[in-house]
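S.K.: Hey, dropping query16.cif in here, mmCIF, C-alpha atoms and all ligand atoms:
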data_protein
#
loop_
_atom_site.label_atom_id
_atom_site.label_comp_id
_atom_site.auth_asym_id
_atom_site.auth_seq_id
_atom_site.Cartn_x
_atom_site.Cartn_y
_atom_site.Cartn_z
CA MET A 1 17.61 -7.06 -110.26
CA SER A 2 18.04 -3.70 -108.76
CA GLY A 3 21.07 -1.96 -107.43
CA HIS A 4 18.92 0.65 -105.74
CA HIS A 5 18.31 0.46 -102.07
CA HIS A 6 15.89 3.32 -102.31
CA ASP A 7 14.57 5.27 -105.20
CA HIS A 8 14.12 8.56 -103.45
CA ASP A 9 15.74 10.68 -106.06
CA HIS A 10 17.60 13.48 -104.36
CA ASP A 11 20.51 14.33 -102.17
CA ASP A 12 19.94 12.14 -99.19
CA VAL A 13 21.34 13.69 -96.06
CA ASP A 14 21.76 10.54 -94.00
CA ALA A 15 23.34 8.57 -96.81
CA GLY A 16 25.18 11.76 -97.63
CA PRO A 17 25.27 13.39 -101.02
CA PRO A 18 28.39 12.82 -103.08
CA LEU A 19 30.93 15.18 -101.59
CA GLY A 20 31.72 18.17 -103.70
CA ASP A 21 35.07 19.88 -103.80
CA LEU A 22 34.02 22.33 -101.09
CA GLN A 23 32.82 19.63 -98.70
CA LEU A 24 36.00 17.64 -99.23
CA ARG A 25 38.06 20.68 -98.38
CA VAL A 26 35.96 21.31 -95.27
CA ARG A 27 36.35 17.70 -94.16
CA ALA A 28 40.08 17.80 -94.75
CA LEU A 29 40.41 21.05 -92.81
CA GLU A 30 38.28 19.75 -89.97
CA SER A 31 40.32 16.59 -89.50
CA LEU A 32 43.57 18.49 -89.78
CA LEU A 33 42.51 21.06 -87.17
CA VAL A 34 41.29 18.34 -84.81
CA ASP A 35 44.46 16.27 -85.33
CA LYS A 36 46.66 19.25 -84.55
CA GLY A 37 44.63 19.92 -81.43
CA LEU A 38 43.64 23.34 -82.75
CA VAL A 39 39.95 22.61 -82.66
CA ASP A 40 37.96 20.67 -80.12
CA PRO A 41 35.51 18.36 -81.92
CA THR A 42 32.90 19.04 -79.25
CA ALA A 43 33.16 22.74 -80.05
CA LEU A 44 32.29 21.87 -83.63
CA ASP A 45 29.29 19.89 -82.41
CA THR A 46 28.20 22.91 -80.42
CA LEU A 47 28.45 25.04 -83.53
CA ILE A 48 26.36 22.59 -85.50
CA ASP A 49 23.80 22.45 -82.71
CA THR A 50 23.61 26.23 -82.77
CA TYR A 51 22.93 26.16 -86.46
CA GLU A 52 20.22 23.51 -86.01
CA THR A 53 18.35 25.24 -83.25
CA LYS A 54 19.24 28.91 -83.30
CA VAL A 55 20.67 30.32 -86.49
CA GLY A 56 19.06 28.15 -89.16
CA PRO A 57 15.42 28.38 -88.10
CA ARG A 58 15.59 32.19 -87.71
CA ASN A 59 14.88 32.55 -91.43
CA GLY A 60 11.70 30.51 -91.20
CA ALA A 61 10.70 32.43 -88.09
CA ARG A 62 10.94 35.70 -90.01
CA VAL A 63 8.73 34.26 -92.76
CA VAL A 64 6.15 33.19 -90.17
CA ALA A 65 6.16 36.52 -88.34
CA LYS A 66 5.75 38.45 -91.58
CA ALA A 67 2.83 36.23 -92.57
CA TRP A 68 1.17 36.92 -89.21
CA ILE A 69 1.57 40.68 -89.60
CA ASP A 70 0.92 41.11 -93.31
CA PRO A 71 -2.19 39.38 -94.71
CA LYS A 72 -1.11 39.97 -98.30
CA TYR A 73 2.24 38.34 -97.67
CA ARG A 74 0.47 35.43 -95.96
CA GLN A 75 -1.70 35.02 -99.07
CA ARG A 76 1.33 35.00 -101.36
CA LEU A 77 3.08 32.56 -99.04
CA LEU A 78 0.19 30.11 -99.13
CA GLU A 79 -0.22 30.43 -102.89
CA ASN A 80 3.43 30.24 -103.89
CA ALA A 81 5.70 29.61 -100.97
CA SER A 82 8.98 29.42 -102.90
CA THR A 83 8.49 32.87 -104.42
CA ALA A 84 7.23 34.46 -101.20
CA ILE A 85 10.13 33.03 -99.22
CA ALA A 86 12.57 34.21 -101.88
CA GLU A 87 11.20 37.74 -101.40
CA LEU A 88 12.96 37.72 -98.04
CA GLY A 89 16.15 36.48 -99.65
CA TYR A 90 15.97 32.89 -98.50
CA ILE A 91 16.97 30.91 -101.52
CA GLY A 92 19.08 27.84 -101.80
CA ARG A 93 19.48 24.15 -102.13
CA GLN A 94 16.69 22.00 -100.72
CA GLY A 95 14.38 24.96 -100.68
CA GLU A 96 13.48 25.34 -104.33
CA ASP A 97 10.01 23.85 -104.12
CA MET A 98 8.40 24.93 -100.93
CA VAL A 99 4.85 24.52 -99.72
CA VAL A 100 3.59 26.31 -96.63
CA LEU A 101 0.98 24.51 -94.55
CA GLU A 102 -1.24 26.70 -92.42
CA ASN A 103 -2.28 25.53 -88.99
CA THR A 104 -5.78 26.57 -87.99
CA PRO A 105 -8.03 25.90 -85.02
CA LYS A 106 -9.27 22.85 -86.97
CA VAL A 107 -6.08 21.53 -88.60
CA HIS A 108 -2.64 20.78 -87.20
CA ASN A 109 0.04 20.04 -89.80
CA MET A 110 3.15 18.03 -89.12
CA VAL A 111 6.07 17.31 -91.45
CA VAL A 112 8.18 14.19 -91.81
CA CYS A 113 10.37 12.58 -94.42
CA THR A 114 9.56 8.90 -94.16
CA LEU A 115 12.37 7.79 -96.47
CA CYS A 116 15.26 9.88 -95.29
CA SER A 117 15.55 13.45 -94.13
CA CYS A 118 14.30 15.92 -96.72
CA TYR A 119 14.15 19.28 -94.99
CA PRO A 120 13.83 22.91 -96.09
CA TRP A 121 17.40 24.06 -95.43
CA PRO A 122 17.10 27.72 -96.47
CA VAL A 123 14.36 28.38 -93.90
CA LEU A 124 15.14 25.89 -91.13
CA GLY A 125 18.85 25.20 -91.32
CA LEU A 126 20.09 21.70 -90.55
CA PRO A 127 17.59 18.99 -89.64
CA PRO A 128 17.63 17.89 -86.00
CA VAL A 129 18.87 14.39 -85.24
CA TRP A 130 15.41 13.14 -84.25
CA TYR A 131 14.00 14.25 -87.60
CA LYS A 132 16.45 11.95 -89.36
CA ALA A 133 15.93 9.06 -86.94
CA ALA A 134 13.85 6.00 -87.82
CA PRO A 135 11.43 6.22 -84.84
CA TYR A 136 10.18 9.68 -85.80
CA ARG A 137 10.06 8.82 -89.50
CA SER A 138 7.89 5.76 -88.97
CA ARG A 139 5.81 6.81 -86.00
CA ALA A 140 4.92 10.26 -87.31
CA VAL A 141 2.74 8.52 -89.85
CA ILE A 142 1.40 5.64 -87.74
CA ASP A 143 0.77 7.56 -84.53
CA PRO A 144 1.10 11.29 -85.06
CA ARG A 145 -0.85 12.20 -81.92
CA GLY A 146 1.36 9.94 -79.83
CA VAL A 147 4.48 11.55 -81.27
CA LEU A 148 3.06 15.02 -80.68
CA LYS A 149 2.34 14.14 -77.08
CA GLU A 150 6.00 13.21 -76.61
CA PHE A 151 6.89 16.65 -77.90
CA GLY A 152 4.54 18.09 -75.30
CA VAL A 153 1.87 19.01 -77.82
CA THR A 154 -1.69 17.95 -77.13
CA VAL A 155 -3.98 18.26 -80.11
CA PRO A 156 -7.66 18.16 -79.18
CA ASP A 157 -9.74 15.35 -80.69
CA ASP A 158 -11.74 17.75 -82.84
CA VAL A 159 -8.58 19.04 -84.51
CA GLU A 160 -7.47 17.08 -87.54
CA VAL A 161 -3.78 16.12 -87.67
CA ARG A 162 -2.35 16.08 -91.18
CA VAL A 163 1.04 14.50 -91.76
CA TRP A 164 3.00 15.57 -94.84
CA ASP A 165 5.79 13.45 -96.30
CA SER A 166 8.61 15.57 -97.70
CA THR A 167 10.27 14.51 -100.89
CA ALA A 168 12.95 15.72 -103.23
CA GLU A 169 10.26 17.66 -105.06
CA LEU A 170 8.47 19.27 -102.13
CA ARG A 171 9.63 20.69 -98.85
CA TYR A 172 7.12 21.83 -96.30
CA LEU A 173 7.10 24.63 -93.76
CA VAL A 174 4.33 24.80 -91.18
CA LEU A 175 2.80 28.22 -90.58
CA PRO A 176 1.89 27.87 -86.91
CA GLU A 177 -1.02 29.63 -85.29
CA ARG A 178 -0.26 33.03 -83.84
CA PRO A 179 -0.76 32.73 -80.12
CA ALA A 180 -3.31 34.86 -78.30
CA GLY A 181 -1.85 37.71 -76.33
CA THR A 182 0.66 38.73 -79.00
CA GLU A 183 -1.47 41.46 -80.58
CA GLY A 184 0.82 44.28 -79.52
CA LEU A 185 4.09 42.68 -80.64
CA ARG A 186 6.19 43.87 -83.54
CA GLU A 187 7.32 41.56 -86.32
CA GLU A 188 10.80 41.02 -84.85
CA GLN A 189 9.34 40.26 -81.44
CA LEU A 190 6.96 37.75 -82.98
CA ALA A 191 9.80 36.09 -84.89
CA GLU A 192 11.59 35.48 -81.61
CA LEU A 193 8.67 33.38 -80.38
CA VAL A 194 8.66 31.07 -83.40
CA THR A 195 10.54 27.85 -82.72
CA ARG A 196 11.97 25.38 -85.16
CA ASP A 197 9.64 22.65 -83.87
CA ALA A 198 6.60 24.85 -84.45
CA MET A 199 7.62 25.11 -88.11
CA ILE A 200 8.00 21.32 -88.39
CA GLY A 201 4.68 20.89 -86.64
CA THR A 202 6.05 19.16 -83.56
CA GLY A 203 5.58 22.28 -81.46
CA LYS A 204 3.32 25.24 -80.97
CA VAL A 205 4.19 28.87 -80.60
CA GLU A 206 3.61 30.10 -77.08
CA ALA A 207 2.87 33.68 -76.09
CA PRO A 208 5.65 35.28 -74.09
CA ARG A 209 5.31 34.80 -70.35
CA PRO A 210 4.29 37.93 -68.55
CA LYS A 211 7.24 39.42 -66.69
CA ALA A 212 7.18 38.59 -63.01
CA LYS A 213 5.84 41.48 -60.98
CA ARG A 214 7.49 42.44 -57.76
FE FE A 301 14.02 12.45 -97.97
#
Would you mind giving the structure from this file in structure tokens?
M.R.:
Amino acid sequence: MSGHHHDHDHDDVDAGPPLGDLQLRVRALESLLVDKGLVDPTALDTLIDTYETKVGPRNGARVVAKAWIDPKYRQRLLENASTAIAELGYIGRQGEDMVVLENTPKVHNMVVCTLCSCYPWPVLGLPPVWYKAAPYRSRAVIDPRGVLKEFGVTVPDDVEVRVWDSTAELRYLVLPERPAGTEGLREEQLAELVTRDAMIGTGKVEAPRPKAKR
């Protein structure tokens, strides 16, 4: 007999970790503000979306850009990601045991959590809805190339696709390939090119489009 539905031993985001005092206060405040008509729930959704796509992943993007610019940092990052990421001040829950996976012309890495939604919060922020959804979680393993195609990423046949299953113990961050044509860019400019999806492995970093000439 087992009372466990799943033995993935960590704070499961979709089941929801037990709410701490702070979360309970936030929930209570949120419902109160919405009830009183002081806050529009869709505005809250917009805020969360911003954190998922804009604010959260900026930390990871800075890590990636620094690794592109500084070979010694890149080396440290690949050898001990948690420590190298902490050098930039990104420390926190769900980011204690990080591994950085380097994409190369021969290997494309892609990250999933097949059991739930393990995700490196300190570097990527909140996981996107699709990352937590069953179709991505199952198909990423069965048909990674098919999933990548849906994200608009075509991986040539001679490039190996490696799929990494996150757990409570290990969180992965993909170090995408630096695109050609970015040789003259500064670190901050490079960081702006790095998308969240590129760091999950469901995207690639594109060089900036040349400005339209008149
Ligand atoms: Fe998980």
S.K.: Where does chain A meet ligand FE 301 (chain A) within 6 Å, residue by residue, with the nearest atom pair and distance in Å to one decimal for each, counting only C-alpha atoms and all ligand atoms, listed by chain and rising number, as JSON lines?
M.R.:
{"residue": "A:Cys113", "atom": "CA", "partner": "A:FE301", "partner_atom": "FE", "distance": 5.1}
{"residue": "A:Leu115", "atom": "CA", "partner": "A:FE301", "partner_atom": "FE", "distance": 5.2}
{"residue": "A:Cys116", "atom": "CA", "partner": "A:FE301", "partner_atom": "FE", "distance": 3.9}
{"residue": "A:Ser117", "atom": "CA", "partner": "A:FE301", "partner_atom": "FE", "distance": 4.3}
{"residue": "A:Cys118", "atom": "CA", "partner": "A:FE301", "partner_atom": "FE", "distance": 3.7}
{"residue": "A:Thr167", "atom": "CA", "partner": "A:FE301", "partner_atom": "FE", "distance": 5.2}
S.K.: What's the separation between CA of Gly201 (chain A) and CA of Gly92 (chain A), in Å to one decimal place?
M.R.: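 So the two atoms, CA of Gly201 (chain A) and CA of Gly92 (chain A), lie 22.0 Å apart.
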S.K.: List as number ranges by chain the protein and nucleic acid residues near Glu52 (chain A), meaning an atom at most 6 Å away when all atoms listed in the file are counted, but skip any in the same chain fewer than 3 places from it.
M.R.: A: 49, 56, 125-126
S.K.: Excluding Asn80 (chain A) and residues on its chain fewer than 5 positions from it, collect all residues at most 12 Å away from it, counting all atoms listed in the file, and give them as a list in words.
M.R.: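 Near Asn80 (chain A), the qualifying residues are Tyr73, Arg74, Gln75, Ile85, Ala86, Glu87, Glu96, Asp97, Met98, Val99, Val100, Leu101 and Tyr172 of chain A.
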S.K.: Please report the interatomic distance between CA of Asp157 (chain A) and CA of Pro179 (chain A) in Å with one decimal.
M.R.: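 These atoms are spaced 19.6 Å apart.
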S.K.: When you draw a straight line from CA of Pro144 (chain A) to CA of Pro120 (chain A), how long is it in Å?
M.R.: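 According to the coordinates, CA of Pro144 (chain A) and CA of Pro120 (chain A) are separated by 20.5 Å.
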S.K.: When you count all atoms listed in the file, which of these residues is closest to Gly181 (chain A): A:Pro210, A:Val147, A:Ile91, A:Lys132?
M.R.: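 Result for the nearest residue to Gly181 (chain A): A:Pro210.
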S.K.: For a quick check of understanding, using only C-alpha atoms, which of A:Ala140, A:Ala65, A:Leu78, A:Ala133 has the smallest distance to Thr202 (chain A)?
M.R.: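 Looking at the shortest contact to Thr202 (chain A), the residue is A:Ala140.
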S.K.: Which one is closest to Glu102 (chain A): A:Ile200, A:Val153, A:Val141, A:Ala207? Count all atoms listed in the file.
M.R.: A:Ile200
S.K.: Using only C-alpha atoms, which protein or nucleic acid residues come within 12 Å of Met199 (chain A)? Drop anything in the same chain fewer than 4 positions from it, and give the result as a VMD selection string.
M.R.: chain A and resid 53 56 to 65 99 to 103 108 to 112 119 to 120 123 to 125 127 171 to 178 191 193 to 195 203 to 205
S.K.: Closest to Ser166 (chain A) among A:Thr154, A:Ser138, A:Gln189, A:Thr114, using all atoms listed in the file?
M.R.: A:Thr114
S.K.: Assuming 6 Å of padding per side, give the centre and edge lengths of the axis-aligned box around every listed atom of region 197-210 of chain A, in Å to one decimal and as JSON.
M.R.:
{"center_x": 6.3, "center_y": 28.5, "center_z": -78.5, "size_x": 18.8, "size_y": 30.8, "size_z": 31.8}
S.K.: Out of A:Glu192, A:Arg139, A:Arg93, A:Pro105, which residue has the shortest atom-to-atom distance to Val155 (chain A) when counting all atoms listed in the file?
M.R.: A:Pro105
S.K.: Under the rule that only C-alpha atoms are counted, which of A:Val107, A:Ala168, A:Leu47, A:Ile69 is the nearest residue to Glu187 (chain A)?
M.R.: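 That would be A:Ile69, the residue with the smallest distance to Glu187 (chain A).
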